[in-house]
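Quick look at coords.tsv (TSV, C-alpha atoms and all ligand atoms):
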```
chain	number	residue	atom	x	y	z
Z	1	MET	CA	151.47	75.47	144.95
Z	2	SER	CA	153.60	76.75	142.04
Z	3	LYS	CA	155.50	80.05	142.17
Z	4	ILE	CA	153.03	81.73	139.84
Z	5	GLU	CA	150.05	80.42	141.83
Z	6	SER	CA	151.40	81.78	145.10
Z	7	ALA	CA	152.22	85.12	143.43
Z	8	ALA	CA	148.66	85.26	142.06
Z	9	GLU	CA	147.20	84.45	145.49
Z	10	LYS	CA	149.31	87.19	147.07
Z	11	MET	CA	148.20	89.64	144.41
Z	12	LYS	CA	144.55	88.67	144.89
Z	13	GLN	CA	144.82	89.42	148.62
Z	14	LEU	CA	146.50	92.77	147.93
Z	15	LEU	CA	143.67	93.69	145.55
Z	16	ILE	CA	141.07	92.64	148.13
Z	17	ASP	CA	142.79	94.91	150.68
Z	18	LEU	CA	143.11	97.76	148.19
Z	19	SER	CA	139.59	97.67	146.79
Z	20	PRO	CA	137.62	99.32	149.64
Z	21	MET	CA	140.25	102.06	149.86
Z	22	ILE	CA	139.88	102.93	146.17
Z	23	GLU	CA	136.10	102.66	146.45
Z	24	GLU	CA	136.08	105.42	149.06
Z	25	TYR	CA	137.49	107.71	146.36
Z	26	THR	CA	135.39	106.42	143.47
Z	27	ALA	CA	132.20	106.72	145.55
Z	28	ARG	CA	133.01	110.41	145.89
Z	29	VAL	CA	133.94	111.27	142.30
Z	30	CYS	CA	132.42	108.74	139.89
Z	31	PRO	CA	128.69	109.50	140.37
Z	32	ASP	CA	129.28	112.98	138.88
Z	33	CYS	CA	131.52	111.81	136.04
Z	34	ARG	CA	130.55	112.88	132.53
Z	35	ASP	CA	133.03	110.64	130.72
Z	36	VAL	CA	132.93	107.27	132.46
Z	37	CYS	CA	136.11	105.27	131.86
Z	38	CYS	CA	134.44	101.85	132.02
Z	39	LYS	CA	134.25	101.13	128.31
Z	40	GLN	CA	134.03	97.65	126.86
Z	41	ARG	CA	137.58	97.84	125.49
Z	42	HIS	CA	138.92	98.56	128.97
Z	43	GLY	CA	137.15	95.59	130.54
Z	44	ILE	CA	138.92	93.04	128.33
Z	45	MET	CA	141.81	91.20	129.98
Z	46	ASN	CA	145.26	91.23	128.46
Z	47	GLU	CA	147.55	88.22	128.45
Z	48	GLN	CA	149.02	88.95	131.88
Z	49	ASP	CA	145.56	89.41	133.41
Z	50	MET	CA	144.50	86.06	131.95
Z	51	ARG	CA	147.62	84.34	133.26
Z	52	CYS	CA	146.81	85.63	136.74
Z	53	ALA	CA	143.15	84.52	136.57
Z	54	SER	CA	144.25	81.10	135.34
Z	55	ALA	CA	146.78	80.77	138.18
Z	56	LEU	CA	143.90	81.45	140.58
Z	57	LYS	CA	141.94	78.71	138.79
Z	58	SER	CA	139.21	81.24	138.14
Z	59	PRO	CA	137.02	80.93	135.04
Z	60	LEU	CA	137.85	83.70	132.60
Z	61	PRO	CA	135.15	86.30	131.91
Z	62	VAL	CA	133.19	85.67	128.73
Z	63	TYR	CA	133.12	88.73	126.50
Z	64	ASP	CA	130.15	89.75	124.41
Z	65	PRO	CA	131.52	90.16	120.87
Z	66	GLY	CA	128.44	92.15	119.87
Z	67	ARG	CA	129.28	95.05	122.17
Z	68	PRO	CA	130.84	98.18	120.71
Z	69	LEU	CA	134.34	98.55	122.18
Z	70	ASP	CA	133.71	102.21	122.99
Z	71	GLY	CA	130.33	101.53	124.56
Z	72	ALA	CA	129.70	100.80	128.23
Z	73	CYS	CA	131.55	97.80	129.64
Z	74	GLN	CA	129.31	94.74	129.90
Z	75	PHE	CA	130.38	94.27	133.54
Z	76	MET	CA	129.19	97.70	134.65
Z	77	GLY	CA	126.17	97.25	136.91
Z	78	PRO	CA	123.95	99.74	138.71
Z	79	TYR	CA	126.39	99.83	141.64
Z	80	GLY	CA	129.64	99.77	139.67
Z	81	CYS	CA	131.72	96.89	138.39
Z	82	GLU	CA	130.14	93.50	138.99
Z	83	ASN	CA	133.45	91.63	139.00
Z	84	PRO	CA	135.65	91.47	142.08
Z	85	ARG	CA	138.70	93.66	141.63
Z	86	TRP	CA	141.07	90.70	141.49
Z	87	LEU	CA	139.16	89.46	138.42
Z	88	ARG	CA	139.24	92.79	136.58
Z	89	PRO	CA	141.93	93.77	134.13
Z	90	TRP	CA	144.79	95.48	135.96
Z	91	ARG	CA	144.21	98.65	133.94
Z	92	CYS	CA	140.83	99.04	135.69
Z	93	THR	CA	142.62	99.43	139.03
Z	94	SER	CA	145.77	101.17	137.88
Z	95	TYR	CA	143.99	103.96	136.02
Z	96	PHE	CA	143.58	107.09	138.11
Z	97	CYS	CA	141.80	109.92	136.34
Z	98	GLU	CA	142.42	113.52	137.41
Z	99	ALA	CA	139.34	113.59	139.65
Z	100	LEU	CA	140.47	110.45	141.43
Z	101	LEU	CA	143.99	111.79	141.90
Z	102	ALA	CA	142.56	115.04	143.26
Z	103	ALA	CA	140.39	113.09	145.73
Z	104	MET	CA	143.49	111.21	146.86
Z	105	ASN	CA	145.47	114.41	147.25
Z	106	ASP	CA	142.67	116.08	149.19
Z	107	GLY	CA	142.16	113.14	151.55
Z	108	PRO	CA	144.31	111.88	154.40
Z	109	GLN	CA	147.89	111.47	153.19
Z	110	LYS	CA	148.40	108.36	155.29
Z	111	LYS	CA	145.66	106.65	153.32
Z	112	SER	CA	146.91	107.74	149.91
Z	113	ARG	CA	150.41	106.55	150.83
Z	114	ARG	CA	148.95	103.17	151.78
Z	115	VAL	CA	147.10	102.98	148.44
Z	116	SER	CA	150.31	103.82	146.56
Z	117	ALA	CA	152.26	101.22	148.55
Z	118	LEU	CA	149.72	98.47	147.79
Z	119	ILE	CA	149.74	99.39	144.11
Z	120	GLN	CA	153.53	99.26	144.06
Z	121	GLU	CA	153.48	95.81	145.67
Z	122	ILE	CA	151.12	94.57	142.95
Z	123	VAL	CA	153.21	96.13	140.19
Z	124	ASP	CA	156.33	94.45	141.60
Z	125	ILE	CA	154.61	91.06	141.52
Z	126	ARG	CA	153.38	91.60	137.96
Z	127	ASN	CA	156.82	92.75	136.83
Z	128	GLY	CA	158.34	89.64	138.38
Z	129	TRP	CA	156.37	87.29	136.14
U	1	LIG	S1	137.42	106.83	137.64
U	1	LIG	FE1	137.38	108.92	136.84
U	1	LIG	S2	136.96	108.72	134.64
U	1	LIG	FE2	136.42	106.77	135.62
U	1	LIG	S3	134.21	106.92	136.09
U	1	LIG	FE3	135.33	107.60	137.92
U	1	LIG	S4	135.51	109.82	137.72
U	1	LIG	FE4	134.99	109.00	135.70
U	2	LIG	S1	136.15	98.18	136.25
U	2	LIG	FE1	134.70	96.60	135.64
U	2	LIG	S2	133.09	97.69	134.57
U	2	LIG	FE2	134.89	99.03	134.58
U	2	LIG	S3	135.99	98.56	132.67
U	2	LIG	FE3	136.86	97.30	134.30
U	2	LIG	S4	135.75	95.35	134.11
U	2	LIG	FE4	134.55	96.90	133.03
```

For the structure just supplied, provide its representation as structure tokens.
Amino acid sequence: MSKIESAAEKMKQLLIDLSPMIEEYTARVCPDCRDVCCKQRHGIMNEQDMRCASALKSPLPVYDPGRPLDGACQFMGPYGCENPRWLRPWRCTSYFCEALLAAMNDGPQKKSRRVSALIQEIVDIRNGW
């Protein structure tokens, strides 16, 4: 396995571990949101996201060119994003709106520290590429 493949595998596992922790917060705040952040433009991978998906030998998402970039993301389903977190653009995970940050601050600090630590580990891997 190449260096980039093992880094991508490590990052995938970190995102799998992180996802349910973030979902505890999003389940609390997103249903009442009046300005949902999941717009089509945000669901499109950048070069680094694509490099990671390729290293995981995952097919890249196919984007609908007919969708308005400021309209709802094509991957948004009735129960949230239909793609696993490791196959979403990093910005989808790294963006914390004010409501999400407030939920983190109000919740157990041990948990929010764990979330921050996992995010930092992922950032370190991405910065190392
Ligand atoms: S993360 Fe924040 S901005 Fe995005 S849908 Fe949830 S509450 Fe709204
Ligand atoms: S989290 Fe999913 S639905 Fe939301 S913008 Fe990202 S890819 Fe689209």

For this session: Collect all residues with atoms no farther than 12 Å from ligand LIG 2 (chain U), counting all atoms listed in the file, and output them as a PyMOL selection string.
Result: chain Z and resi 19+22-23+26+30+36-46+49+60-63+69-96

For the selection you just gave me, I'd like the residues written to a file as a compact mmCIF listing (two decimals), in the coordinates of the input, keeping C-alpha atoms.
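Result written to result.txt:
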```txt
# COMPACT_ATOMS: atom_id res chain seq x y z
CA SER Z 19 139.59 97.67 146.79
CA ILE Z 22 139.88 102.93 146.17
CA GLU Z 23 136.10 102.66 146.45
CA THR Z 26 135.39 106.42 143.47
CA CYS Z 30 132.42 108.74 139.89
CA VAL Z 36 132.93 107.27 132.46
CA CYS Z 37 136.11 105.27 131.86
CA CYS Z 38 134.44 101.85 132.02
CA LYS Z 39 134.25 101.13 128.31
CA GLN Z 40 134.03 97.65 126.86
CA ARG Z 41 137.58 97.84 125.49
CA HIS Z 42 138.92 98.56 128.97
CA GLY Z 43 137.15 95.59 130.54
CA ILE Z 44 138.92 93.04 128.33
CA MET Z 45 141.81 91.20 129.98
CA ASN Z 46 145.26 91.23 128.46
CA ASP Z 49 145.56 89.41 133.41
CA LEU Z 60 137.85 83.70 132.60
CA PRO Z 61 135.15 86.30 131.91
CA VAL Z 62 133.19 85.67 128.73
CA TYR Z 63 133.12 88.73 126.50
CA LEU Z 69 134.34 98.55 122.18
CA ASP Z 70 133.71 102.21 122.99
CA GLY Z 71 130.33 101.53 124.56
CA ALA Z 72 129.70 100.80 128.23
CA CYS Z 73 131.55 97.80 129.64
CA GLN Z 74 129.31 94.74 129.90
CA PHE Z 75 130.38 94.27 133.54
CA MET Z 76 129.19 97.70 134.65
CA GLY Z 77 126.17 97.25 136.91
CA PRO Z 78 123.95 99.74 138.71
CA TYR Z 79 126.39 99.83 141.64
CA GLY Z 80 129.64 99.77 139.67
CA CYS Z 81 131.72 96.89 138.39
CA GLU Z 82 130.14 93.50 138.99
CA ASN Z 83 133.45 91.63 139.00
CA PRO Z 84 135.65 91.47 142.08
CA ARG Z 85 138.70 93.66 141.63
CA TRP Z 86 141.07 90.70 141.49
CA LEU Z 87 139.16 89.46 138.42
CA ARG Z 88 139.24 92.79 136.58
CA PRO Z 89 141.93 93.77 134.13
CA TRP Z 90 144.79 95.48 135.96
CA ARG Z 91 144.21 98.65 133.94
CA CYS Z 92 140.83 99.04 135.69
CA THR Z 93 142.62 99.43 139.03
CA SER Z 94 145.77 101.17 137.88
CA TYR Z 95 143.99 103.96 136.02
CA PHE Z 96 143.58 107.09 138.11
```

For this session: Choose the residue, out of Z:Met50, Z:Ile4, Z:Leu18, Z:Leu100, that has the smallest atom-to-atom separation from ligand LIG 1 (chain U); count only C-alpha atoms and all ligand atoms.
Result: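 Of Z:Met50, Z:Ile4, Z:Leu18, Z:Leu100, the one nearest ligand LIG 1 (chain U) is Z:Leu100, counting only C-alpha atoms and all ligand atoms.
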
Exercise. Neighbours of Ser6 in chain Z within 9 Å (all atoms listed in the file; same-chain residues fewer than 4 positions away dropped), as a VMD selection string?
Worked result: chain Z and resid 1 to 2 10 to 11 55 to 56

Could those residues be written to a file, using C-alpha atoms, as a PDB file, in the frame of the given file?
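As a result, part02.pdb now contains:
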```pdb
ATOM      1  CA  MET Z   1     151.470  75.470 144.950  1.00  0.00           C
ATOM      2  CA  SER Z   2     153.600  76.750 142.040  1.00  0.00           C
ATOM      3  CA  LYS Z  10     149.310  87.190 147.070  1.00  0.00           C
ATOM      4  CA  MET Z  11     148.200  89.640 144.410  1.00  0.00           C
ATOM      5  CA  ALA Z  55     146.780  80.770 138.180  1.00  0.00           C
ATOM      6  CA  LEU Z  56     143.900  81.450 140.580  1.00  0.00           C
TER       7      LEU Z  56
END
```

Exercise. Using all atoms listed in the file, which residue out of Z:Ile16, Z:Ser58, Z:Ala102, Z:Ala7 lies closest to ligand LIG 1 (chain U)?
Worked result: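 Closest candidate: Z:Ala102.
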
For this session: Go through Z:Glu98, Z:Ala8, Z:Lys110, Z:Asn105 one by one, measure the shortest atom-to-atom distance of each to Gln48 in chain Z using only C-alpha atoms, and give the residue with the smallest value.
Result: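 Smallest separation from Gln48 in chain Z among the options: Z:Ala8.
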
Problem set entry | Given all atoms listed in the file as the counted atoms, nearest of Z:Met104, Z:Lys3, Z:Glu9, Z:Leu14 to ligand LIG 1 (chain U) |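 The closest residue to ligand LIG 1 (chain U) is Z:Met104.
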
Exercise. Nearest to ligand LIG 1 (chain U) among Z:Lys111, Z:Arg28, Z:Arg126, Z:Arg67, with distances taken over only C-alpha atoms and all ligand atoms: which residue is it?
Worked result: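 Counting only C-alpha atoms and all ligand atoms, the residue closest to ligand LIG 1 (chain U) is Z:Arg28.
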
Exercise. Closest to ligand LIG 1 (chain U) among Z:Asp124, Z:Glu24, Z:Asp106, Z:Asp64, using all atoms listed in the file?
Worked result: Z:Glu24
